[in-house]
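Asks: My file is upload-v6.cif. It has mmCIF, C-alpha atoms:
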```
data_model
#
loop_
_atom_site.label_atom_id
_atom_site.label_comp_id
_atom_site.auth_asym_id
_atom_site.auth_seq_id
_atom_site.Cartn_x
_atom_site.Cartn_y
_atom_site.Cartn_z
CA MET D 1 101.27 80.82 113.35
CA PHE D 2 98.18 82.96 113.63
CA ILE D 3 98.45 83.86 109.96
CA ILE D 4 98.75 80.18 109.07
CA TYR D 5 95.71 79.46 111.22
CA ILE D 6 93.73 82.15 109.41
CA ALA D 7 94.98 80.78 106.10
CA MET D 8 93.82 77.32 107.13
CA VAL D 9 90.34 78.61 108.02
CA PHE D 10 90.22 80.55 104.77
CA PHE D 11 91.21 77.57 102.61
CA GLN D 12 88.87 75.29 104.49
CA TRP D 13 86.07 77.74 103.78
CA LEU D 14 87.19 78.06 100.15
CA PHE D 15 87.30 74.30 99.53
CA SER D 16 84.04 73.65 101.29
CA TYR D 17 82.28 75.65 98.58
CA GLN D 18 84.16 74.08 95.68
CA PRO D 19 82.57 71.36 93.62
CA ASP D 20 83.84 68.13 95.10
CA PHE D 21 84.32 64.69 93.58
CA MET D 22 82.63 61.65 95.10
CA ASN D 23 81.62 63.76 98.11
CA LEU D 24 85.30 64.33 98.80
CA SER D 25 87.20 67.49 99.39
CA PRO D 26 90.75 67.81 100.72
CA ASP D 27 91.14 67.83 104.49
CA ILE D 28 92.79 71.24 104.75
CA ILE D 29 92.96 71.11 108.55
CA PHE D 30 95.00 67.93 108.58
CA ILE D 31 97.25 69.22 105.80
CA PHE D 32 98.03 72.33 107.84
CA VAL D 33 98.49 70.40 111.07
CA PHE D 34 100.83 67.99 109.33
CA TRP D 35 102.79 70.82 107.80
CA ALA D 36 103.00 72.79 111.08
CA ASN D 37 104.23 69.79 113.05
CA TYR D 38 106.94 68.87 110.57
CA TYR D 39 108.10 72.31 109.55
CA LYS D 40 107.59 74.37 112.70
CA ASN D 41 108.96 74.32 116.21
CA PRO D 42 107.25 72.01 118.74
CA VAL D 43 105.57 74.66 120.92
CA PRO D 44 103.89 76.63 118.11
CA ALA D 45 103.10 73.30 116.45
CA ILE D 46 101.25 71.89 119.44
CA LEU D 47 99.45 75.20 119.96
CA PHE D 48 98.44 75.18 116.34
CA SER D 49 97.35 71.53 116.60
CA PHE D 50 95.22 72.25 119.65
CA PHE D 51 93.39 75.18 118.07
CA ALA D 52 93.10 73.41 114.74
CA GLY D 53 91.59 70.48 116.64
CA LEU D 54 89.11 72.79 118.33
CA TYR D 55 88.24 74.28 114.99
CA ALA D 56 87.76 70.79 113.50
CA ASP D 57 85.59 69.79 116.45
CA PHE D 58 83.34 72.72 115.74
CA TYR D 59 83.41 71.99 112.06
CA TYR D 60 82.73 68.23 111.98
CA ILE D 61 79.86 66.44 113.64
CA THR D 62 81.84 64.13 115.87
CA ALA D 63 82.14 63.80 119.62
CA PHE D 64 83.41 67.18 120.74
CA GLY D 65 87.09 66.89 121.68
CA SER D 66 87.92 63.92 119.46
CA TYR D 67 89.77 66.00 116.87
CA THR D 68 91.52 68.02 119.59
CA LEU D 69 92.76 64.87 121.27
CA SER D 70 93.78 63.30 117.96
CA PHE D 71 95.75 66.34 116.83
CA ILE D 72 97.43 66.74 120.25
CA LEU D 73 98.51 63.12 120.21
CA PHE D 74 99.54 63.43 116.59
CA SER D 75 101.60 66.51 117.40
CA PHE D 76 103.23 64.76 120.32
CA VAL D 77 104.13 61.68 118.27
CA VAL D 78 105.43 63.68 115.33
CA ASN D 79 107.58 65.90 117.52
CA LYS D 80 109.05 62.84 119.16
CA ILE D 81 109.93 61.04 115.95
CA LYS D 82 110.40 63.76 113.37
CA ASN D 83 114.14 63.94 113.87
CA ASN D 84 114.38 60.35 112.73
CA ILE D 85 112.12 60.72 109.69
CA GLU D 86 113.10 61.82 106.23
CA ILE D 87 110.72 64.62 105.25
CA ASP D 88 112.55 66.45 102.48
CA SER D 89 112.24 63.72 99.86
CA PHE D 90 108.95 63.29 98.09
CA ILE D 91 108.33 59.55 98.39
CA PRO D 92 109.07 59.13 102.12
CA ARG D 93 107.12 62.28 102.82
CA SER D 94 104.14 61.05 100.84
CA ILE D 95 104.20 57.65 102.51
CA ASN D 96 104.49 59.33 105.88
CA PHE D 97 101.62 61.65 105.09
CA ILE D 98 99.31 58.92 103.80
CA VAL D 99 100.04 56.57 106.68
CA SER D 100 99.49 59.40 109.17
CA ASN D 101 96.28 60.39 107.52
CA TYR D 102 94.87 56.86 107.51
CA ALA D 103 95.97 56.36 111.11
CA LEU D 104 94.25 59.56 112.15
CA ILE D 105 91.03 58.71 110.33
CA ILE D 106 90.88 55.27 111.90
CA PHE D 107 91.77 56.67 115.32
CA ILE D 108 89.04 59.31 115.15
CA THR D 109 86.49 56.79 113.93
CA ILE D 110 87.27 54.36 116.74
CA LEU D 111 87.35 57.16 119.30
CA ASN D 112 84.03 58.46 118.07
CA PHE D 113 82.58 54.96 118.28
CA ILE D 114 83.83 54.54 121.86
CA VAL D 115 82.72 57.94 123.11
CA ALA D 116 79.54 58.68 121.15
CA GLY D 117 78.57 55.12 120.28
CA ARG D 118 78.03 55.83 116.59
CA PHE D 119 80.04 54.38 113.77
CA SER D 120 79.54 57.07 111.14
CA LEU D 121 82.37 56.23 108.80
CA ASN D 122 82.02 57.42 105.25
CA TYR D 123 83.99 54.86 103.24
CA ALA D 124 84.92 57.55 100.74
CA VAL D 125 87.38 58.96 103.32
CA PHE D 126 89.71 56.08 102.52
CA ILE D 127 90.34 57.77 99.20
CA GLN D 128 90.68 61.18 100.83
CA PRO D 129 94.38 60.79 101.84
CA LEU D 130 95.29 60.35 98.16
CA LEU D 131 93.60 63.65 97.44
CA ASN D 132 95.15 65.21 100.51
CA ILE D 133 98.70 64.37 99.49
CA PHE D 134 98.22 66.21 96.23
CA PHE D 135 97.01 69.33 97.99
CA PHE D 136 99.58 68.94 100.71
CA GLU D 137 102.35 69.19 98.15
CA ILE D 138 100.88 72.41 96.80
CA PHE D 139 100.40 73.94 100.24
CA ARG D 140 103.83 72.75 101.39
CA TYR D 141 105.44 74.48 98.43
CA ILE D 142 103.52 77.73 99.02
CA LEU D 143 103.94 77.76 102.81
CA ASN D 144 107.62 76.90 102.64
CA LYS D 145 108.10 79.74 100.21
CA LEU D 146 106.24 82.16 102.45
CA PHE D 147 107.56 80.94 105.81
CA LYS D 148 110.99 79.82 104.79
CA ARG D 149 112.96 77.85 107.32
CA ARG D 150 116.29 79.41 108.18
CA GLU D 151 118.92 76.96 107.14
CA TYR D 152 121.79 79.33 107.45
CA ALA D 153 123.27 81.44 110.19
CA ARG D 154 122.06 84.99 110.42
CA LEU D 155 124.87 87.42 109.69
CA MET K 156 116.12 73.74 124.15
CA ARG K 157 115.24 72.17 127.39
CA GLU K 158 112.92 75.06 128.21
CA LYS K 159 111.13 74.50 124.95
CA ASP K 160 110.84 70.79 125.68
CA LYS K 161 109.38 71.58 129.07
CA THR K 162 106.91 74.03 127.63
CA PHE K 163 106.00 71.52 124.95
CA LYS K 164 105.41 68.81 127.51
CA TYR K 165 103.51 71.19 129.74
CA LEU K 166 101.29 72.31 126.88
CA PHE K 167 100.84 68.71 125.75
CA TYR K 168 99.57 67.64 129.17
CA VAL K 169 97.34 70.67 129.49
CA PHE K 170 95.81 70.20 126.05
CA LEU K 171 95.51 66.46 126.57
CA THR K 172 93.63 67.07 129.81
CA ILE K 173 91.37 69.63 128.14
CA SER K 174 90.58 67.37 125.21
CA PHE K 175 89.90 64.45 127.54
CA LEU K 176 87.60 66.68 129.55
CA PHE K 177 85.77 67.62 126.37
CA LEU K 178 85.28 63.98 125.54
CA VAL K 179 84.30 62.89 129.05
CA LEU K 180 81.96 65.77 129.79
CA LYS K 181 80.26 65.38 126.40
CA ILE K 182 79.54 69.05 125.87
CA ASP K 183 78.18 68.54 122.36
CA PHE K 184 74.80 70.01 123.31
CA LEU K 185 76.56 73.24 124.30
CA VAL K 186 78.47 73.58 121.06
CA ASN K 187 75.74 72.46 118.66
CA ASP K 188 74.64 76.04 118.03
CA VAL K 189 78.22 77.03 117.21
CA ARG K 190 78.44 74.01 114.92
CA LEU K 191 75.24 75.08 113.21
CA PHE K 192 76.71 78.52 112.71
CA PHE K 193 79.88 76.95 111.31
CA SER K 194 77.85 74.75 109.02
CA PHE K 195 76.08 77.78 107.63
CA LEU K 196 79.28 79.77 107.43
CA PHE K 197 81.23 77.05 105.72
CA ASN K 198 79.53 74.21 104.02
CA PRO K 199 75.87 73.62 104.76
CA TYR K 200 76.06 70.06 103.43
CA PHE K 201 78.52 69.01 106.12
CA SER K 202 76.04 69.53 108.89
CA VAL K 203 73.54 66.76 109.48
CA SER K 204 71.05 69.06 111.19
CA THR K 205 71.32 71.55 108.37
CA ILE K 206 70.84 68.80 105.83
CA ASN K 207 67.75 67.73 107.72
CA ARG K 208 66.48 71.28 107.74
CA PHE K 209 67.13 71.66 104.03
CA GLU K 210 65.49 68.32 103.41
CA LYS K 211 62.49 69.44 105.40
CA VAL K 212 62.26 72.66 103.41
CA SER K 213 62.62 70.81 100.10
CA LYS K 214 60.07 68.22 101.24
CA ASN K 215 57.66 70.98 102.16
CA VAL K 216 58.19 72.60 98.78
CA ASP K 217 57.62 69.21 97.14
CA TYR K 218 54.45 68.72 99.15
CA LEU K 219 53.25 72.17 98.14
CA LEU K 220 53.92 71.44 94.48
CA GLU K 221 52.28 68.04 94.79
CA CYS K 222 49.27 69.59 96.51
CA GLY K 223 49.07 72.21 93.76
CA VAL K 224 49.05 69.52 91.08
CA LYS K 225 46.52 67.44 93.01
CA ASN K 226 44.37 70.52 93.50
CA LYS K 227 44.36 71.18 89.77
CA ASN K 228 43.51 67.57 89.07
CA LEU K 229 40.68 67.74 91.58
CA GLU K 230 39.40 70.93 89.98
CA LYS K 231 39.39 69.19 86.60
CA GLU K 232 37.64 66.21 88.10
CA ASN K 233 35.14 68.53 89.73
CA ILE K 234 34.37 70.22 86.42
CA GLU K 235 33.99 66.81 84.74
CA LEU K 236 31.70 65.59 87.50
CA ARG K 237 29.63 68.75 87.33
CA SER K 238 29.25 68.38 83.57
CA LYS K 239 28.26 64.75 84.15
CA LEU K 240 25.78 65.93 86.75
CA ILE K 241 24.17 68.15 84.14
CA ASP K 242 24.04 65.14 81.84
CA TYR K 243 22.52 63.13 84.64
CA GLU K 244 19.82 65.75 85.08
CA ALA K 245 19.00 65.59 81.37
CA LEU K 246 19.12 61.81 81.46
CA ASP K 247 16.91 61.80 84.52
CA ARG K 248 14.42 63.99 82.72
CA GLN K 249 14.47 61.72 79.70
CA TYR K 250 14.16 58.68 81.92
CA LYS K 251 11.11 60.19 83.58
CA GLU K 252 9.60 60.96 80.20
CA VAL K 253 10.18 57.44 78.96
CA ASN K 254 8.92 56.04 82.23
CA ASP K 255 5.75 58.08 81.89
CA LEU K 256 5.34 56.85 78.34
CA LEU K 257 5.80 53.27 79.43
CA ARG K 258 3.29 53.74 82.19
CA LEU K 259 0.83 55.24 79.73
CA LYS K 260 1.43 52.52 77.22
CA GLN K 261 0.06 50.05 79.71
CA GLY K 262 -3.28 51.82 79.41
CA PHE K 263 -3.07 52.17 75.63
CA ARG K 264 -5.04 49.60 73.72
CA TYR K 265 -2.76 49.34 70.68
CA SER K 266 0.47 47.43 70.67
CA GLY K 267 3.51 48.93 69.04
CA LYS K 268 7.01 50.21 69.56
CA PHE K 269 8.49 53.35 71.03
CA SER K 270 10.88 55.08 68.74
CA LYS K 271 13.05 58.13 68.88
CA VAL K 272 12.93 60.99 66.41
CA ILE K 273 16.35 61.22 64.80
CA SER K 274 15.75 63.87 62.17
CA VAL K 275 13.21 66.29 60.74
CA ASN K 276 12.95 67.81 57.33
CA PRO K 277 14.92 71.02 57.79
CA LYS K 278 13.12 73.01 55.10
CA ASN K 279 9.61 71.95 56.10
CA PRO K 280 9.69 70.59 59.64
CA TYR K 281 6.00 69.81 59.50
CA SER K 282 6.32 67.55 56.46
CA PHE K 283 8.45 64.52 57.41
CA ILE K 284 10.33 63.14 60.38
CA TYR K 285 12.70 60.20 60.64
CA LEU K 286 12.63 57.54 63.35
CA ASP K 287 15.42 55.33 64.64
CA LYS K 288 13.45 52.11 64.16
CA GLY K 289 13.07 50.33 60.86
CA PHE K 290 12.19 47.07 59.19
CA ASN K 291 14.47 45.06 61.50
CA ASP K 292 12.48 46.36 64.46
CA GLY K 293 9.16 45.32 63.02
CA ILE K 294 8.10 48.70 61.64
CA LYS K 295 5.85 48.47 58.60
CA ALA K 296 4.53 50.96 56.08
CA TYR K 297 1.25 52.71 56.94
CA ASN K 298 1.77 52.17 60.68
CA PRO K 299 0.18 55.12 62.51
CA VAL K 300 2.51 57.20 64.64
CA VAL K 301 1.21 58.78 67.82
CA VAL K 302 2.71 60.95 70.51
CA TYR K 303 1.72 61.53 74.10
CA ASN K 304 1.15 65.15 74.92
CA ASN K 305 -0.92 66.89 77.59
CA ASP K 306 -2.25 63.59 78.92
CA LYS K 307 -3.58 62.55 75.53
CA TRP K 308 -2.37 60.47 72.65
CA PHE K 309 -2.21 62.56 69.51
CA VAL K 310 -1.84 61.11 66.07
CA ILE K 311 0.94 62.86 64.22
CA GLY K 312 1.38 60.87 61.01
CA ARG K 313 2.13 57.48 59.57
CA ILE K 314 5.08 55.55 58.28
CA ASN K 315 5.49 55.98 54.56
CA GLU K 316 9.02 54.66 53.98
CA VAL K 317 10.68 51.84 55.84
CA TYR K 318 14.38 51.10 55.73
CA LYS K 319 16.41 48.47 57.55
CA ASN K 320 17.19 50.50 60.63
CA TYR K 321 15.18 53.67 60.24
CA SER K 322 11.94 54.86 58.76
CA ARG K 323 10.27 58.01 57.49
CA VAL K 324 7.01 59.41 58.79
CA ILE K 325 4.74 61.61 56.77
CA LEU K 326 3.13 63.99 59.21
CA ILE K 327 -0.55 64.85 59.16
CA THR K 328 0.52 68.48 58.80
CA ASN K 329 1.98 67.70 55.37
CA THR K 330 -0.09 69.34 52.61
CA ASN K 331 -0.23 66.01 50.76
CA PHE K 332 -1.94 64.34 53.66
CA SER K 333 -5.67 64.33 54.27
CA PHE K 334 -8.05 62.05 56.09
CA ILE K 335 -11.58 61.95 57.43
CA SER K 336 -11.98 62.99 61.04
CA ASP K 337 -14.73 63.73 63.51
CA THR K 338 -15.66 66.15 66.22
CA PRO K 339 -18.39 65.27 68.76
CA SER K 340 -21.04 66.70 66.44
CA SER K 341 -19.51 66.88 62.97
CA ARG K 342 -17.46 65.03 60.39
CA GLY K 343 -15.09 66.48 57.84
CA LEU K 344 -11.77 66.26 56.12
CA VAL K 345 -8.52 67.29 57.78
CA VAL K 346 -5.81 68.60 55.47
CA GLY K 347 -2.24 69.52 56.35
CA ASN K 348 -1.01 73.08 56.27
CA LEU K 349 2.78 72.70 56.81
CA ASP K 350 2.33 74.36 60.17
CA ASP K 351 1.22 73.48 63.66
CA ASP K 352 -2.42 73.74 62.67
CA LEU K 353 -4.60 71.75 60.26
CA ILE K 354 -7.47 72.77 58.05
CA TYR K 355 -10.76 71.10 58.81
CA LYS K 356 -13.10 71.42 55.85
CA TYR K 357 -16.03 69.85 54.07
CA ILE K 358 -17.66 69.91 57.46
CA ASP K 359 -20.96 68.17 57.95
CA GLY K 360 -22.55 69.10 61.26
CA ASP K 361 -22.04 71.76 63.88
CA ILE K 362 -18.72 72.91 65.15
CA LYS K 363 -17.69 75.26 67.89
CA LEU K 364 -14.44 76.55 69.28
CA GLY K 365 -12.62 74.13 71.53
CA ASP K 366 -14.17 71.00 70.03
CA ASP K 367 -11.90 68.00 70.11
CA VAL K 368 -11.02 66.60 66.71
CA PHE K 369 -10.29 62.87 66.54
CA THR K 370 -9.87 60.21 63.94
CA SER K 371 -13.09 58.96 62.46
CA ALA K 372 -14.57 55.56 63.02
CA ILE K 373 -15.14 55.25 59.28
CA SER K 374 -11.62 56.21 58.27
CA ILE K 375 -9.20 53.44 57.38
CA THR K 376 -6.22 55.77 57.46
CA PHE K 377 -5.93 55.64 61.26
CA PRO K 378 -7.47 53.66 64.04
CA PRO K 379 -10.58 55.45 65.36
CA PHE K 380 -10.80 57.93 68.24
CA LEU K 381 -7.21 59.10 68.32
CA HIS K 382 -6.86 62.79 69.11
CA ILE K 383 -5.78 65.15 66.39
CA GLY K 384 -6.24 68.52 68.10
CA TYR K 385 -8.93 71.00 68.92
CA ILE K 386 -10.70 73.68 66.94
CA ASP K 387 -9.19 77.06 67.67
CA LYS K 388 -10.63 79.10 64.82
CA ILE K 389 -13.73 78.92 62.65
CA ILE K 390 -13.74 80.52 59.23
CA SER K 391 -17.38 81.19 58.38
CA ASN K 392 -18.77 81.38 54.91
CA ALA K 393 -22.17 82.14 53.44
CA ASP K 394 -22.17 78.75 51.86
CA PRO K 395 -22.37 76.26 54.72
CA ASN K 396 -20.46 73.70 52.64
CA SER K 397 -17.51 76.05 52.43
CA ARG K 398 -17.09 76.39 56.19
CA MET K 399 -13.62 75.74 57.42
CA ALA K 400 -11.94 75.51 60.78
CA SER K 401 -8.39 75.65 61.99
CA VAL K 402 -7.35 72.71 64.17
CA SER K 403 -4.54 73.33 66.57
CA THR K 404 -2.32 70.26 66.82
CA PHE K 405 1.15 69.20 67.96
CA LYS K 406 4.29 71.29 67.83
CA ILE K 407 7.28 69.68 66.26
CA LYS K 408 9.59 70.89 69.07
CA ASP K 409 7.67 68.78 71.60
CA ILE K 410 8.17 65.55 69.74
CA ASN K 411 11.12 63.50 70.98
CA TYR K 412 9.70 60.03 71.38
CA VAL K 413 6.84 58.61 69.39
CA TYR K 414 4.85 55.40 69.51
CA VAL K 415 4.46 53.45 66.30
CA ILE K 416 1.24 51.46 66.43
CA ASP K 417 1.38 47.99 64.98
CA TRP K 418 -1.65 48.54 62.76
CA GLN K 419 -2.07 48.52 59.02
CA PRO K 420 -5.13 49.82 57.16
CA TYR K 421 -4.24 48.03 53.95
CA ILE K 422 -3.09 44.49 53.33
CA ASP K 423 -0.21 44.16 50.91
CA GLU K 424 -0.97 42.42 47.66
CA ASP K 425 1.71 39.82 48.35
CA ASN K 426 0.07 38.97 51.62
CA LEU K 427 -3.27 38.90 49.88
CA VAL K 428 -1.95 36.32 47.44
CA ASN K 429 -0.66 34.28 50.32
CA ILE K 430 -3.99 34.41 52.05
#
```
What would the structure in this file look like if it were written as structure tokens?
Replies:
Amino acid sequence: MFIIYIAMVFFQWLFSYQPDFMNLSPDIIFIFVFWANYYKNPVPAILFSFFAGLYADFYYITAFGSYTLSFILFSFVVNKIKNNIEIDSFIPRSINFIVSNYALIIFITILNFIVAGRFSLNYAVFIQPLLNIFFFEIFRYILNKLFKRREYARL
Amino acid sequence: MREKDKTFKYLFYVFLTISFLFLVLKIDFLVNDVRLFFSFLFNPYFSVSTINRFEKVSKNVDYLLECGVKNKNLEKENIELRSKLIDYEALDRQYKEVNDLLRLKQGFRYSGKFSKVISVNPKNPYSFIYLDKGFNDGIKAYNPVVVYNNDKWFVIGRINEVYKNYSRVILITNTNFSFISDTPSSRGLVVGNLDDDLIYKYIDGDIKLGDDVFTSAISITFPPFLHIGYIDKIISNADPNSRMASVSTFKIKDINYVYVIDWQPYIDEDNLVNI
């Protein structure tokens, strides 16, 4: 998980310096958190979510702790329901991802408004999940190749 | 599996508590420096404070550039104003000259018009000059032209050609010009020499150096008692009738404004008929 965390930081750094479109760049942290929670065991997933949340809190100018709380809650919810959700097919996975992403954005915005009293919502972030899903598919393919889930019994 | 669930729940509660504490304690002021470091390390444009700093720097650079441009413009303006100031000095000088002339004119018994010299004969500067006033301004042929110099009115010539808006003056220094003139104790003929001195000859009477020469009361070329110059050299001869003297007169470089006297020695034939 540490390697994935480093990879997340690296890609976040890489994409932050790329030319972006409409002030948008993919939310690498959320992509990795989403991937970790669906494709990894609960304990490493929640650990990863916590530290990713801390990292995001340092990275974004929001009330400190809002991303940590959001990712912890997100991890909790996902680990509770993931056994009942189809994740291997593209369309359900995409819908799941986009809905989760929108829910998280709205949650963080509202939380930030409650805690810090500022409603700093960039309306371009409503397009961001559509960009995220594209990059999520790429990262999912790469990460699943690298950290392949064991679907067979070890001989 | 149950152990993992327990650990998961335990971690969840711990992390939940920590994140709530973060939110409740509002420790943003403690982590702002780390955020700033992150913003520099990652993407400077994501950090509001960094953006402000960059904006400040760019604004300062803009101000510097703007100040540079304004400074250059001011320098240009300064140069223009200085050049104008020089012009003003010249204009002031001219104004004083004209003012003096106007003041003097009040004590001058002849009426006339001030005029400006617009050209001289380049080959023989002491032969003709041109004035900026002409027929439309009331200038007539044979009008005497005088100039104020060294607190005296000196006759310098007379109008010999009049055009609509300008006129030509034949100077008394022209070799074709001669007229009777007087000194306090003599009378003679003054002839031009194409230079800043005249020849005074056919002298009847006594002359000495420094005598003022002025227009004669019997001459009809000019009104009487106008200064011409003073005797600066006497050329003696055995024959008293062949005595000559050099009369120092005006210098062409001193003549900027002249006064054209409204006076005519001759009456035109047309006017004569009308009379």
Asks: Taking (87.4, 63.9, 117.1) in the file's own coordinates, collect the residues within 6 Å, counting only C-alpha atoms, and hand them back as a PyMOL selection string.
Replies: chain D and resi 62-63+65-67+108
Asks: For K:Asn329, list every protein, DNA or RNA residue within 6 Å, evaluated using all atoms listed in the file, and leave out those in the same chain fewer than 3 positions away; present the list as a PyMOL selection string.
Replies: chain K and resi 282+326+332+347+349
Asks: Nearest to chain D: which of K:Lys271, K:His382, K:Lys211, K:Lys161 is it, counting only C-alpha atoms?
Replies: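 That would be K:Lys161, the residue with the smallest distance to chain D.
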Asks: Return the neighbours of chain D among the residues of chain K, cut-off 7 Å, counting all atoms listed in the file, as a VMD selection string.
Replies: chain K and resid 159 162 to 163 167 170 to 171 174 to 175 177 to 178 181 to 183 189 to 190 193 to 194 197 to 198 202
Asks: Which distance in Å separates atom CA of D:Asn101 and atom CA of K:Phe192, to one decimal?
Replies: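 Interatomic distance, atom CA of D:Asn101 to atom CA of K:Phe192: 27.2 Å.
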Asks: Rank nothing, just name the residue among D:Val78, D:Ile87, D:Met1, D:Phe30 nearest to D:Phe48, using all atoms listed in the file.
Replies: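 That would be D:Met1, the residue with the smallest distance to D:Phe48.
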Asks: Name every residue that the PyMOL selection byres ((chain K and resi 419) around 7) selects in this structure, writing the answer as a PyMOL selection string with chains first and numbers rising.
Replies: chain K and resi 297-298+417-418+420-421
Asks: Quick one: apply the PyMOL selection byres ((chain K and resi 397) around 12) to the file and drop the selected residues here as a compact mmCIF listing (two decimals) with C-alpha atoms, in the frame of the given file.
Replies:
```
# COMPACT_ATOMS: atom_id res chain seq x y z
CA GLY K 343 -15.09 66.48 57.84
CA LEU K 344 -11.77 66.26 56.12
CA ILE K 354 -7.47 72.77 58.05
CA TYR K 355 -10.76 71.10 58.81
CA LYS K 356 -13.10 71.42 55.85
CA TYR K 357 -16.03 69.85 54.07
CA ILE K 358 -17.66 69.91 57.46
CA ASP K 359 -20.96 68.17 57.95
CA ILE K 389 -13.73 78.92 62.65
CA ILE K 390 -13.74 80.52 59.23
CA SER K 391 -17.38 81.19 58.38
CA ASN K 392 -18.77 81.38 54.91
CA ALA K 393 -22.17 82.14 53.44
CA ASP K 394 -22.17 78.75 51.86
CA PRO K 395 -22.37 76.26 54.72
CA ASN K 396 -20.46 73.70 52.64
CA ARG K 398 -17.09 76.39 56.19
CA MET K 399 -13.62 75.74 57.42
CA ALA K 400 -11.94 75.51 60.78
```
Asks: Between atom CA of K:Pro379 and atom CA of K:Tyr414, measure the distance and give it in Å to one decimal.
Replies: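 Atom-to-atom, atom CA of K:Pro379 and atom CA of K:Tyr414 are spaced 16.0 Å apart.
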Asks: Mind pulling up the distance from atom CA of K:Ile383 to atom CA of K:Phe369?
Replies: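 Here the two named atoms are 5.1 Å from each other.
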Asks: Place a sphere of radius 10 Å on (97.8, 70.8, 102.8) in the file coordinates and name every protein, DNA or RNA residue with an atom inside or on its surface, counting only C-alpha atoms; give the answer as number ranges by chain.
Replies: D: 8, 11, 26-36, 131-143
Asks: Could you give me, as JSON, numbers by chain, the residues within 10 Å of K:Asn411, counting all atoms listed in the file and dropping anything in the same chain fewer than 6 positions from it?
Replies: {"K": [249, 252, 270, 271, 272, 273, 274, 286, 302]}
Asks: Under the PyMOL selection byres ((chain K and resi 376) around 12), which residues of this model are included? Write them out as a PDB file with C-alpha atoms, keeping the file's coordinate frame.
Replies:
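Written file, expr-v9.pdb:
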```
ATOM      1  CA  ALA K 296       4.530  50.960  56.080  1.00  0.00           C
ATOM      2  CA  TYR K 297       1.250  52.710  56.940  1.00  0.00           C
ATOM      3  CA  ASN K 298       1.770  52.170  60.680  1.00  0.00           C
ATOM      4  CA  PRO K 299       0.180  55.120  62.510  1.00  0.00           C
ATOM      5  CA  VAL K 300       2.510  57.200  64.640  1.00  0.00           C
ATOM      6  CA  VAL K 310      -1.840  61.110  66.070  1.00  0.00           C
ATOM      7  CA  GLY K 312       1.380  60.870  61.010  1.00  0.00           C
ATOM      8  CA  ARG K 313       2.130  57.480  59.570  1.00  0.00           C
ATOM      9  CA  ILE K 314       5.080  55.550  58.280  1.00  0.00           C
ATOM     10  CA  ILE K 327      -0.550  64.850  59.160  1.00  0.00           C
ATOM     11  CA  PHE K 332      -1.940  64.340  53.660  1.00  0.00           C
ATOM     12  CA  SER K 333      -5.670  64.330  54.270  1.00  0.00           C
ATOM     13  CA  PHE K 334      -8.050  62.050  56.090  1.00  0.00           C
ATOM     14  CA  ILE K 335     -11.580  61.950  57.430  1.00  0.00           C
ATOM     15  CA  SER K 336     -11.980  62.990  61.040  1.00  0.00           C
ATOM     16  CA  LEU K 344     -11.770  66.260  56.120  1.00  0.00           C
ATOM     17  CA  VAL K 345      -8.520  67.290  57.780  1.00  0.00           C
ATOM     18  CA  THR K 370      -9.870  60.210  63.940  1.00  0.00           C
ATOM     19  CA  SER K 371     -13.090  58.960  62.460  1.00  0.00           C
ATOM     20  CA  ALA K 372     -14.570  55.560  63.020  1.00  0.00           C
ATOM     21  CA  ILE K 373     -15.140  55.250  59.280  1.00  0.00           C
ATOM     22  CA  SER K 374     -11.620  56.210  58.270  1.00  0.00           C
ATOM     23  CA  ILE K 375      -9.200  53.440  57.380  1.00  0.00           C
ATOM     24  CA  PHE K 377      -5.930  55.640  61.260  1.00  0.00           C
ATOM     25  CA  PRO K 378      -7.470  53.660  64.040  1.00  0.00           C
ATOM     26  CA  PRO K 379     -10.580  55.450  65.360  1.00  0.00           C
ATOM     27  CA  PHE K 380     -10.800  57.930  68.240  1.00  0.00           C
ATOM     28  CA  LEU K 381      -7.210  59.100  68.320  1.00  0.00           C
ATOM     29  CA  TRP K 418      -1.650  48.540  62.760  1.00  0.00           C
ATOM     30  CA  GLN K 419      -2.070  48.520  59.020  1.00  0.00           C
ATOM     31  CA  PRO K 420      -5.130  49.820  57.160  1.00  0.00           C
ATOM     32  CA  TYR K 421      -4.240  48.030  53.950  1.00  0.00           C
TER      33      TYR K 421
END
```
Asks: Go through K:Pro339, K:Val301, K:Val415, K:Ile407 and flag the residue nearest K:Val275, using all atoms listed in the file for the distances.
Replies: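 Nearest candidate to K:Val275 out of K:Pro339, K:Val301, K:Val415, K:Ile407: K:Ile407.
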